[in-house]
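Read through the structure below, which is laid out as structure tokens, and then see the notes.
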Amino acid sequence: MPVARVDPDAPDPAVLRRAAALLREGRLVAFPTETVYGLGANALDERAVQRIYEAKGRPIVNPIIVHVADTDAARELTPEWTDAADALATAFWPGPLTLVVRKSPAIPAIVTAGGDTVGLRVPAHPVALALLREADIPVAAPSANLSNQVSPTSAAHVQRGLGDRVDLIIDGGDTHVGIESTVVDVTGAVPRVLRPGMLSRESIAEVVGAAHAAEPESSGARRSPGLLDRHYAPRARVHLFASGDRADVEAEIVDAVASGRRVGALVFTPLHLAGVAEHVVPRDATWYARTLYAALHVMDDVGCDVIWVERPPTTPEWAGILDRLMRAASG
Ligand code: TXA
Ligand code: MG
């Protein structure tokens with residue numbers, strides 16, 4: 001499928017016009033956002049959104065986020081733009097925040113998996129924003145990967161995962177945030193974080209007074225069905241380990257390598273073990289998030305059977321990262 005490389009800070013208007021035309025025709029365009037690459041389609045065109053589900057092999061119960069160029073465009077898609085929505089949009093848009101609000105009848109049921117709410121987001125990426133302005137339609141876009149695989153942070157990841165299922169991939173380089181947006185439901189009295197991300201619950205609470213954490217997955221309150229699946233997972237088995245258990249883990253890795261298994265490791269300090277696809281990650285949440293998925297993609301590419309991940313801290317700035325690692329490990 002065609003890949004169009006653009007300067008992420010000054011994308012070629014001709015490419016944007018072509019991509020916008022494809023979107024308006026009901027085709028699929030993959031594009032960079034600041035979090036991960038999105039697989040976009042016209043959110044108002046049921047047939048086009050259907051193509052997203054087909055391309056990803058996505059269960060129809062998992063609603064899709066709608067991307068818009070600004071807050072005014074977001075307000076047109078909901079009958080109820082609450083004070084909380086307005087305060088959070090003002091504070092964090094454009095940015096890695098998705099607001100779940102009541103949906104307008106203009107949005108087809110397929111976008112929201114039949115639900116009466118819709119997730120809206122203004123992404124902080126020059127290419128995404130320029131594309132949304134040029135297309136002048138709301139763009140439904142999940143992450144541009146096959147369902148249940150690791151999200152793409154580069155055009156090459158999109159290409160390897162989705163190949164010719166996409167009509168155009170806009171290559172705007174590596175994404176900066178690296179994990180998906182924080183999803184916040186603002187339909188209730190107190191906003192609730194449905195999916196943690198690099199924008200922390202604490203930062204959200206500072207703006208709106210208080211914010212609930214996600215319901216534990218075991219509870220009956222399934223507010224966001226898609227969030228319960230084994231998401232964001234590499235093909236390998238993922239094991240989290242505490243830094244204090246390092247010696248035991250090293251012994252286990254030596255055994256595994258000796259018996260011919262391919263082992264990957266995501267660690268804060270090098271293991272220095274032979275035959276391990278090791279990725280040493282900085283003890284800084286911003287940088288860790290930025291490189292996490294690329295590291296997991298590499299470990300998939302080299303055929304790792306198992307990946308050992310040193311457990312990150314539990315402070316707020318690591319919440320989104322820890323969430324993705326736990327999901328990856330829960331398979
Ligand atoms: O950073 C991101 O959010 C990326 C980029 C492309 O914007 N998109 C993304 O989309 O991660 P996706 O579809 O892979 O994840 C969206 C998550 C899903 O788990 C879905 O269940 C939840 O957001 N979601 C979407 N709409 C929702 C709604 N109306 N109510 C509750 N959860 C919703
Ligand atoms: Mg996804």
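A note on labels: chains of the structure tokens are A, B, ... as shown, every chain counts residues from 1, and ligands are counted from 1 in their shown order.
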Do you know which residues are within 9 Å of ligand 2 using only C-alpha atoms and all ligand atoms? Can you write them as a ChimeraX atom specification?
-> /A:36,38,142-151,180,226,231-232
Same residues, C-alpha atoms, saved as a short mmCIF file (atom, residue, chain, number, x, y, z; two decimals), in the first residue's frame:
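Below is the file out37.cif, written as the result:
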data_model
loop_
_atom_site.label_atom_id
_atom_site.label_comp_id
_atom_site.auth_asym_id
_atom_site.auth_seq_id
_atom_site.Cartn_x
_atom_site.Cartn_y
_atom_site.Cartn_z
CA VAL A 36 0.41 6.10 18.51
CA GLY A 38 -4.27 5.81 14.17
CA PRO A 142 -8.32 3.22 16.75
CA SER A 143 -4.65 2.38 16.97
CA ALA A 144 -3.41 1.18 13.55
CA ASN A 145 -2.57 -2.40 14.53
CA LEU A 146 -4.25 -5.77 14.27
CA SER A 147 -6.58 -6.23 17.22
CA ASN A 148 -4.75 -7.43 20.37
CA GLN A 149 -1.28 -6.67 19.01
CA VAL A 150 1.14 -3.97 20.08
CA SER A 151 0.16 -0.46 18.97
CA GLU A 180 -2.33 5.50 23.96
CA GLY A 226 -12.75 -3.10 24.86
CA HIS A 231 -4.60 -5.70 24.68
CA TYR A 232 -1.28 -4.20 23.79
#
Report as a ChimeraX atom specification which protein, DNA and RNA residues come within 8 Å of ligand 1, using only C-alpha atoms and all ligand atoms.
-> /A:32-39,62-67,96-98,100-101,111-113,115-121,123,141-144,151,179-183,185,194-195,223-228
When distances are computed from only C-alpha atoms, which of A:Val208, A:Val238, A:Ala130, A:Ala319 shows the smallest separation from Ala289 (chain A)?
->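 Answer, going by the shortest atom-to-atom distance: A:Ala319.
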What's around Pro94 (chain A) at 7 Å? Count only C-alpha atoms, leave out sequence neighbours fewer than 2 positions away in its own chain, and write the answer as a tab-separated table (two decimals) with N, CA, C and O atoms, in the first residue's frame.
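New file part-v3.tsv:
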chain	number	residue	atom	x	y	z
A	92	PHE	N	-6.19	20.38	28.42
A	92	PHE	CA	-5.32	19.33	27.86
A	92	PHE	C	-5.43	19.11	26.35
A	92	PHE	O	-4.70	18.29	25.80
A	122	VAL	N	-8.79	15.56	20.53
A	122	VAL	CA	-8.05	16.47	19.65
A	122	VAL	C	-6.57	16.13	19.82
A	122	VAL	O	-5.99	16.42	20.87
A	123	PRO	N	-5.97	15.46	18.85
A	123	PRO	CA	-4.58	15.01	19.02
A	123	PRO	C	-3.58	16.16	18.86
A	123	PRO	O	-3.81	17.08	18.07
A	124	ALA	N	-2.48	16.07	19.61
A	124	ALA	CA	-1.45	17.12	19.53
A	124	ALA	C	-0.35	16.68	18.57
A	124	ALA	O	0.76	16.34	18.98
Using the chain letters and numbers from this document, which residues of region 92-325 of chain A does DSSP assign to alpha helix (DSSP H), as a ChimeraX atom specification?
-> /A:92,126-135,155-162,201-208,246-258,285-301,319-325
Please indicate the distance in Å from CA of Thr78 (chain A) to CA of Arg102 (chain A), rounded to one decimal place.
->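 Taking CA of Thr78 (chain A) as the start and CA of Arg102 (chain A) as the end point, the length is 5.6 Å.
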Pick out the residues sitting within 8 Å of region 1-7 of chain A, and hand them over as a PyMOL selection string; count only C-alpha atoms, and ignore anything fewer than 6 positions along from it in its own chain.
-> chain A and resi 15+163-172
Closest of A:Gly264, A:Pro126, A:Gly114, A:Pro105 to Leu296 (chain A) - atom-to-atom distances counting only C-alpha atoms |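 So, comparing all the options, the nearest one is A:Gly264.
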Nearest-residue call for Met326 (chain A), choices A:Val267, A:Ala295, A:Ala189, A:Ala233, using only C-alpha atoms =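 Ranked by minimum distance to Met326 (chain A), first place goes to A:Ala233.
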Excluding region 131-134 of chain A and residues on its chain fewer than 2 positions from it, collect all residues at most 12 Å away from it, counting only C-alpha atoms, and give them as a PDB file with N, CA, C and O atoms, in the first residue's frame.
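Dumped to out.pdb:
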ATOM      1  N   VAL A   6       6.177  12.386   5.179  1.00  0.00           N
ATOM      2  CA  VAL A   6       6.045  13.847   5.292  1.00  0.00           C
ATOM      3  C   VAL A   6       6.927  14.359   6.427  1.00  0.00           C
ATOM      4  O   VAL A   6       7.312  13.598   7.314  1.00  0.00           O
ATOM      5  N   PRO A   8       7.137  15.848   9.749  1.00  0.00           N
ATOM      6  CA  PRO A   8       6.103  15.873  10.794  1.00  0.00           C
ATOM      7  C   PRO A   8       5.704  17.283  11.218  1.00  0.00           C
ATOM      8  O   PRO A   8       4.569  17.501  11.630  1.00  0.00           O
ATOM      9  N   ALA A  10       5.937  20.053   9.169  1.00  0.00           N
ATOM     10  CA  ALA A  10       5.423  20.828   8.032  1.00  0.00           C
ATOM     11  C   ALA A  10       5.023  19.864   6.916  1.00  0.00           C
ATOM     12  O   ALA A  10       5.682  19.771   5.885  1.00  0.00           O
ATOM     13  N   PRO A  11       3.911  19.117   7.138  1.00  0.00           N
ATOM     14  CA  PRO A  11       3.524  18.104   6.155  1.00  0.00           C
ATOM     15  C   PRO A  11       3.144  18.716   4.807  1.00  0.00           C
ATOM     16  O   PRO A  11       2.528  19.777   4.757  1.00  0.00           O
ATOM     17  N   ASP A  12       3.527  18.025   3.743  1.00  0.00           N
ATOM     18  CA  ASP A  12       3.248  18.445   2.377  1.00  0.00           C
ATOM     19  C   ASP A  12       1.732  18.563   2.160  1.00  0.00           C
ATOM     20  O   ASP A  12       1.001  17.581   2.294  1.00  0.00           O
ATOM     21  N   PRO A  13       1.251  19.750   1.795  1.00  0.00           N
ATOM     22  CA  PRO A  13      -0.198  19.942   1.605  1.00  0.00           C
ATOM     23  C   PRO A  13      -0.780  19.008   0.550  1.00  0.00           C
ATOM     24  O   PRO A  13      -1.955  18.613   0.658  1.00  0.00           O
ATOM     25  N   ALA A  14       0.012  18.628  -0.441  1.00  0.00           N
ATOM     26  CA  ALA A  14      -0.513  17.736  -1.496  1.00  0.00           C
ATOM     27  C   ALA A  14      -0.843  16.360  -0.903  1.00  0.00           C
ATOM     28  O   ALA A  14      -1.858  15.751  -1.250  1.00  0.00           O
ATOM     29  N   VAL A  15       0.013  15.891   0.001  1.00  0.00           N
ATOM     30  CA  VAL A  15      -0.250  14.603   0.657  1.00  0.00           C
ATOM     31  C   VAL A  15      -1.499  14.708   1.517  1.00  0.00           C
ATOM     32  O   VAL A  15      -2.356  13.819   1.529  1.00  0.00           O
ATOM     33  N   LEU A  16      -1.624  15.817   2.240  1.00  0.00           N
ATOM     34  CA  LEU A  16      -2.792  16.005   3.109  1.00  0.00           C
ATOM     35  C   LEU A  16      -4.078  16.059   2.291  1.00  0.00           C
ATOM     36  O   LEU A  16      -5.097  15.485   2.692  1.00  0.00           O
ATOM     37  N   ARG A  17      -4.019  16.713   1.133  1.00  0.00           N
ATOM     38  CA  ARG A  17      -5.219  16.796   0.282  1.00  0.00           C
ATOM     39  C   ARG A  17      -5.620  15.409  -0.209  1.00  0.00           C
ATOM     40  O   ARG A  17      -6.800  15.061  -0.214  1.00  0.00           O
ATOM     41  N   ARG A  18      -4.598  14.620  -0.608  1.00  0.00           N
ATOM     42  CA  ARG A  18      -4.885  13.263  -1.087  1.00  0.00           C
ATOM     43  C   ARG A  18      -5.480  12.420   0.037  1.00  0.00           C
ATOM     44  O   ARG A  18      -6.472  11.715  -0.150  1.00  0.00           O
ATOM     45  N   ALA A  19      -4.880  12.509   1.221  1.00  0.00           N
ATOM     46  CA  ALA A  19      -5.359  11.716   2.361  1.00  0.00           C
ATOM     47  C   ALA A  19      -6.774  12.137   2.751  1.00  0.00           C
ATOM     48  O   ALA A  19      -7.637  11.296   3.024  1.00  0.00           O
ATOM     49  N   ALA A  20      -7.027  13.442   2.753  1.00  0.00           N
ATOM     50  CA  ALA A  20      -8.345  13.951   3.125  1.00  0.00           C
ATOM     51  C   ALA A  20      -9.397  13.487   2.117  1.00  0.00           C
ATOM     52  O   ALA A  20     -10.511  13.108   2.495  1.00  0.00           O
ATOM     53  N   ALA A  21      -9.024  13.488   0.837  1.00  0.00           N
ATOM     54  CA  ALA A  21      -9.962  13.034  -0.197  1.00  0.00           C
ATOM     55  C   ALA A  21     -10.292  11.555   0.008  1.00  0.00           C
ATOM     56  O   ALA A  21     -11.456  11.146  -0.083  1.00  0.00           O
ATOM     57  N   LEU A  22      -9.270  10.747   0.313  1.00  0.00           N
ATOM     58  CA  LEU A  22      -9.504   9.323   0.566  1.00  0.00           C
ATOM     59  C   LEU A  22     -10.471   9.156   1.735  1.00  0.00           C
ATOM     60  O   LEU A  22     -11.412   8.363   1.668  1.00  0.00           O
ATOM     61  N   LEU A  23     -10.244   9.890   2.812  1.00  0.00           N
ATOM     62  CA  LEU A  23     -11.128   9.779   3.983  1.00  0.00           C
ATOM     63  C   LEU A  23     -12.563  10.132   3.605  1.00  0.00           C
ATOM     64  O   LEU A  23     -13.506   9.444   3.988  1.00  0.00           O
ATOM     65  N   ARG A  24     -12.729  11.204   2.846  1.00  0.00           N
ATOM     66  CA  ARG A  24     -14.093  11.617   2.480  1.00  0.00           C
ATOM     67  C   ARG A  24     -14.764  10.603   1.558  1.00  0.00           C
ATOM     68  O   ARG A  24     -15.982  10.495   1.525  1.00  0.00           O
ATOM     69  N   VAL A  29      -7.105   5.651   6.095  1.00  0.00           N
ATOM     70  CA  VAL A  29      -5.807   6.339   6.090  1.00  0.00           C
ATOM     71  C   VAL A  29      -5.167   6.201   7.463  1.00  0.00           C
ATOM     72  O   VAL A  29      -5.781   6.565   8.476  1.00  0.00           O
ATOM     73  N   ALA A  30      -3.957   5.665   7.515  1.00  0.00           N
ATOM     74  CA  ALA A  30      -3.219   5.610   8.777  1.00  0.00           C
ATOM     75  C   ALA A  30      -2.385   6.878   8.908  1.00  0.00           C
ATOM     76  O   ALA A  30      -1.768   7.324   7.931  1.00  0.00           O
ATOM     77  N   PHE A  31      -2.398   7.467  10.103  1.00  0.00           N
ATOM     78  CA  PHE A  31      -1.701   8.747  10.294  1.00  0.00           C
ATOM     79  C   PHE A  31      -1.099   8.810  11.699  1.00  0.00           C
ATOM     80  O   PHE A  31      -1.595   8.159  12.622  1.00  0.00           O
ATOM     81  N   PRO A  32      -0.034   9.605  11.862  1.00  0.00           N
ATOM     82  CA  PRO A  32       0.576   9.711  13.182  1.00  0.00           C
ATOM     83  C   PRO A  32      -0.211  10.641  14.096  1.00  0.00           C
ATOM     84  O   PRO A  32      -0.762  11.647  13.643  1.00  0.00           O
ATOM     85  N   THR A  33      -0.309  10.280  15.371  1.00  0.00           N
ATOM     86  CA  THR A  33      -0.741  11.222  16.401  1.00  0.00           C
ATOM     87  C   THR A  33       0.426  11.288  17.384  1.00  0.00           C
ATOM     88  O   THR A  33       1.421  10.590  17.208  1.00  0.00           O
ATOM     89  N   GLY A  40      -7.548   5.694  10.415  1.00  0.00           N
ATOM     90  CA  GLY A  40      -8.668   6.616  10.326  1.00  0.00           C
ATOM     91  C   GLY A  40      -9.677   6.291   9.248  1.00  0.00           C
ATOM     92  O   GLY A  40      -9.332   5.763   8.185  1.00  0.00           O
ATOM     93  N   ALA A  41     -10.934   6.641   9.553  1.00  0.00           N
ATOM     94  CA  ALA A  41     -12.018   6.577   8.574  1.00  0.00           C
ATOM     95  C   ALA A  41     -13.029   7.666   8.920  1.00  0.00           C
ATOM     96  O   ALA A  41     -13.070   8.130  10.073  1.00  0.00           O
ATOM     97  N   ASN A  42     -13.824   8.059   7.956  1.00  0.00           N
ATOM     98  CA  ASN A  42     -14.880   9.052   8.174  1.00  0.00           C
ATOM     99  C   ASN A  42     -15.850   8.536   9.247  1.00  0.00           C
ATOM    100  O   ASN A  42     -16.550   7.551   9.034  1.00  0.00           O
ATOM    101  N   ALA A  43     -15.898   9.232  10.385  1.00  0.00           N
ATOM    102  CA  ALA A  43     -16.706   8.757  11.513  1.00  0.00           C
ATOM    103  C   ALA A  43     -18.200   8.828  11.230  1.00  0.00           C
ATOM    104  O   ALA A  43     -18.999   8.216  11.938  1.00  0.00           O
ATOM    105  N   VAL A  66     -13.212   9.082  18.289  1.00  0.00           N
ATOM    106  CA  VAL A  66     -13.389  10.014  17.176  1.00  0.00           C
ATOM    107  C   VAL A  66     -12.461  11.213  17.373  1.00  0.00           C
ATOM    108  O   VAL A  66     -12.442  11.827  18.444  1.00  0.00           O
ATOM    109  N   HIS A  67     -11.689  11.508  16.320  1.00  0.00           N
ATOM    110  CA  HIS A  67     -10.707  12.596  16.376  1.00  0.00           C
ATOM    111  C   HIS A  67     -11.249  13.829  15.659  1.00  0.00           C
ATOM    112  O   HIS A  67     -11.824  13.702  14.570  1.00  0.00           O
ATOM    113  N   VAL A  68     -11.069  14.977  16.287  1.00  0.00           N
ATOM    114  CA  VAL A  68     -11.515  16.237  15.685  1.00  0.00           C
ATOM    115  C   VAL A  68     -10.401  17.273  15.821  1.00  0.00           C
ATOM    116  O   VAL A  68      -9.468  17.096  16.614  1.00  0.00           O
ATOM    117  N   ALA A  69     -10.533  18.375  15.035  1.00  0.00           N
ATOM    118  CA  ALA A  69      -9.449  19.360  14.971  1.00  0.00           C
ATOM    119  C   ALA A  69      -9.451  20.321  16.148  1.00  0.00           C
ATOM    120  O   ALA A  69      -8.418  20.879  16.499  1.00  0.00           O
ATOM    121  N   ASP A  70     -10.613  20.530  16.772  1.00  0.00           N
ATOM    122  CA  ASP A  70     -10.659  21.478  17.888  1.00  0.00           C
ATOM    123  C   ASP A  70     -11.906  21.254  18.743  1.00  0.00           C
ATOM    124  O   ASP A  70     -12.770  20.437  18.397  1.00  0.00           O
ATOM    125  N   ALA A  73     -15.398  21.587  17.137  1.00  0.00           N
ATOM    126  CA  ALA A  73     -15.816  20.399  16.372  1.00  0.00           C
ATOM    127  C   ALA A  73     -16.280  19.297  17.316  1.00  0.00           C
ATOM    128  O   ALA A  73     -17.225  18.556  17.011  1.00  0.00           O
ATOM    129  N   ALA A  74     -15.633  19.187  18.470  1.00  0.00           N
ATOM    130  CA  ALA A  74     -16.043  18.169  19.456  1.00  0.00           C
ATOM    131  C   ALA A  74     -17.452  18.460  19.959  1.00  0.00           C
ATOM    132  O   ALA A  74     -18.287  17.555  20.079  1.00  0.00           O
ATOM    133  N   ARG A 121     -11.356  13.133  20.826  1.00  0.00           N
ATOM    134  CA  ARG A 121      -9.985  13.545  21.121  1.00  0.00           C
ATOM    135  C   ARG A 121      -9.471  14.516  20.073  1.00  0.00           C
ATOM    136  O   ARG A 121      -9.698  14.314  18.878  1.00  0.00           O
ATOM    137  N   VAL A 122      -8.787  15.565  20.534  1.00  0.00           N
ATOM    138  CA  VAL A 122      -8.047  16.467  19.646  1.00  0.00           C
ATOM    139  C   VAL A 122      -6.567  16.130  19.823  1.00  0.00           C
ATOM    140  O   VAL A 122      -5.992  16.418  20.869  1.00  0.00           O
ATOM    141  N   PRO A 123      -5.969  15.462  18.851  1.00  0.00           N
ATOM    142  CA  PRO A 123      -4.580  15.007  19.017  1.00  0.00           C
ATOM    143  C   PRO A 123      -3.578  16.156  18.855  1.00  0.00           C
ATOM    144  O   PRO A 123      -3.810  17.078  18.072  1.00  0.00           O
ATOM    145  N   ALA A 124      -2.480  16.073  19.607  1.00  0.00           N
ATOM    146  CA  ALA A 124      -1.448  17.119  19.528  1.00  0.00           C
ATOM    147  C   ALA A 124      -0.349  16.681  18.566  1.00  0.00           C
ATOM    148  O   ALA A 124       0.759  16.343  18.975  1.00  0.00           O
ATOM    149  N   HIS A 125      -0.688  16.615  17.311  1.00  0.00           N
ATOM    150  CA  HIS A 125       0.327  16.281  16.299  1.00  0.00           C
ATOM    151  C   HIS A 125       0.032  17.112  15.052  1.00  0.00           C
ATOM    152  O   HIS A 125      -1.101  17.096  14.560  1.00  0.00           O
ATOM    153  N   PRO A 126       1.043  17.831  14.538  1.00  0.00           N
ATOM    154  CA  PRO A 126       0.798  18.706  13.389  1.00  0.00           C
ATOM    155  C   PRO A 126       0.205  17.970  12.192  1.00  0.00           C
ATOM    156  O   PRO A 126      -0.648  18.534  11.495  1.00  0.00           O
ATOM    157  N   VAL A 127       0.620  16.716  11.962  1.00  0.00           N
ATOM    158  CA  VAL A 127       0.098  15.988  10.799  1.00  0.00           C
ATOM    159  C   VAL A 127      -1.370  15.624  11.028  1.00  0.00           C
ATOM    160  O   VAL A 127      -2.224  15.836  10.159  1.00  0.00           O
ATOM    161  N   ALA A 128      -1.676  15.108  12.213  1.00  0.00           N
ATOM    162  CA  ALA A 128      -3.062  14.725  12.512  1.00  0.00           C
ATOM    163  C   ALA A 128      -3.968  15.952  12.452  1.00  0.00           C
ATOM    164  O   ALA A 128      -5.056  15.908  11.860  1.00  0.00           O
ATOM    165  N   LEU A 129      -3.529  17.045  13.047  1.00  0.00           N
ATOM    166  CA  LEU A 129      -4.367  18.257  13.069  1.00  0.00           C
ATOM    167  C   LEU A 129      -4.573  18.812  11.665  1.00  0.00           C
ATOM    168  O   LEU A 129      -5.694  19.192  11.295  1.00  0.00           O
ATOM    169  N   ASP A 136     -12.029  17.990   7.157  1.00  0.00           N
ATOM    170  CA  ASP A 136     -13.220  18.688   7.633  1.00  0.00           C
ATOM    171  C   ASP A 136     -14.367  17.730   7.979  1.00  0.00           C
ATOM    172  O   ASP A 136     -15.538  18.029   7.748  1.00  0.00           O
ATOM    173  N   ILE A 137     -13.986  16.563   8.491  1.00  0.00           N
ATOM    174  CA  ILE A 137     -14.964  15.588   9.001  1.00  0.00           C
ATOM    175  C   ILE A 137     -14.377  15.004  10.283  1.00  0.00           C
ATOM    176  O   ILE A 137     -13.157  14.996  10.453  1.00  0.00           O
ATOM    177  N   PRO A 138     -15.215  14.503  11.196  1.00  0.00           N
ATOM    178  CA  PRO A 138     -14.672  13.769  12.343  1.00  0.00           C
ATOM    179  C   PRO A 138     -14.096  12.439  11.864  1.00  0.00           C
ATOM    180  O   PRO A 138     -14.679  11.792  10.996  1.00  0.00           O
ATOM    181  N   VAL A 139     -12.943  12.076  12.403  1.00  0.00           N
ATOM    182  CA  VAL A 139     -12.251  10.867  11.941  1.00  0.00           C
ATOM    183  C   VAL A 139     -12.178   9.831  13.065  1.00  0.00           C
ATOM    184  O   VAL A 139     -11.535  10.054  14.089  1.00  0.00           O
ATOM    185  N   ALA A 140     -12.879   8.723  12.848  1.00  0.00           N
ATOM    186  CA  ALA A 140     -12.810   7.602  13.793  1.00  0.00           C
ATOM    187  C   ALA A 140     -11.470   6.907  13.592  1.00  0.00           C
ATOM    188  O   ALA A 140     -11.107   6.587  12.464  1.00  0.00           O
ATOM    189  N   ALA A 141     -10.725   6.716  14.682  1.00  0.00           N
ATOM    190  CA  ALA A 141      -9.410   6.072  14.522  1.00  0.00           C
ATOM    191  C   ALA A 141      -9.000   5.324  15.777  1.00  0.00           C
ATOM    192  O   ALA A 141      -8.685   5.939  16.796  1.00  0.00           O
ATOM    193  N   ILE A 170       0.360   7.677   6.140  1.00  0.00           N
ATOM    194  CA  ILE A 170       1.164   8.895   6.201  1.00  0.00           C
ATOM    195  C   ILE A 170       2.273   8.659   7.215  1.00  0.00           C
ATOM    196  O   ILE A 170       2.014   8.426   8.394  1.00  0.00           O
ATOM    197  N   GLY A 172       4.892  10.051   9.393  1.00  0.00           N
ATOM    198  CA  GLY A 172       5.365  11.290  10.013  1.00  0.00           C
ATOM    199  C   GLY A 172       6.409  10.999  11.088  1.00  0.00           C
ATOM    200  O   GLY A 172       6.523  11.743  12.053  1.00  0.00           O
TER     201      GLY A 172
END
Nearest residue to Pro59 (chain A) from the set A:His239, A:Ile110, A:Ala85, A:Ala258 (distances using only C-alpha atoms) |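 Among A:His239, A:Ile110, A:Ala85, A:Ala258, it is A:Ile110 that comes nearest to Pro59 (chain A).
Note that the spacing between CA of Glu25 (chain A) and CA of Ala106 (chain A) amounts to 17.9 Å.
Among the candidates A:Val186, A:Ile204, A:Ala329, A:Ala211, the one nearest to Glu80 (chain A) when counting only C-alpha atoms is A:Val186.
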Check the smallest atom-to-atom distance from each of A:Ala265, A:Val281, A:Met198, A:Arg290 to Val249 (chain A) using only C-alpha atoms, then report the winner.
-> A:Ala265
Quick one: residues within 10 Å of region 303-310 of chain A, only C-alpha atoms counted, chain neighbours fewer than 6 positions away excluded, as a ChimeraX atom specification?
-> /A:234-246,249-250,253,256,261-269,276-281,296-297,325,329
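Between CA of Ala285 (chain A) and CA of Pro152 (chain A) the separation is 18.5 Å.
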Shell of 8 Å around Pro312 (chain A), only C-alpha atoms, local chain residues under 5 positions omitted, as a list in words =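 In the requested format, the answer is Arg283, Trp318 and Leu322 of chain A.
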Just-selected residues, all heavy atoms written as a compact mmCIF listing (two decimals), in the first residue's frame:
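Everything below was put into result_0.txt:
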# COMPACT_ATOMS: atom_id res chain seq x y z
N ARG A 283 15.00 5.07 33.56
CA ARG A 283 14.10 5.15 34.71
C ARG A 283 13.39 6.51 34.69
O ARG A 283 13.42 7.27 35.66
CB ARG A 283 14.89 4.97 36.00
CG ARG A 283 14.15 4.19 37.07
CD ARG A 283 15.04 4.05 38.30
NE ARG A 283 15.79 2.80 38.30
CZ ARG A 283 15.31 1.63 38.70
NH1 ARG A 283 14.07 1.53 39.12
NH2 ARG A 283 16.06 0.56 38.68
N TRP A 318 3.88 6.70 36.22
CA TRP A 318 4.11 5.39 35.61
C TRP A 318 2.80 4.61 35.42
O TRP A 318 2.82 3.47 34.90
CB TRP A 318 5.05 4.55 36.48
CG TRP A 318 6.45 5.06 36.49
CD1 TRP A 318 6.99 5.99 37.34
CD2 TRP A 318 7.52 4.69 35.59
NE1 TRP A 318 8.31 6.21 37.03
CE2 TRP A 318 8.66 5.43 35.96
CE3 TRP A 318 7.61 3.80 34.51
CZ2 TRP A 318 9.88 5.31 35.29
CZ3 TRP A 318 8.83 3.68 33.84
CH2 TRP A 318 9.94 4.44 34.24
N LEU A 322 2.47 1.01 33.50
CA LEU A 322 2.22 -0.19 34.30
C LEU A 322 0.96 -0.91 33.80
O LEU A 322 0.91 -2.13 33.69
CB LEU A 322 2.09 0.21 35.77
CG LEU A 322 2.18 -0.90 36.79
CD1 LEU A 322 3.47 -1.70 36.63
CD2 LEU A 322 2.10 -0.32 38.21
Would you list, as a ChimeraX atom specification, the residues of region 143-302 of chain A that end up in strand (DSSP E or B) under DSSP run on this structure's backbone?
-> /A:143,168-171,182-185,192-195,212,237-241,263-267,276-280
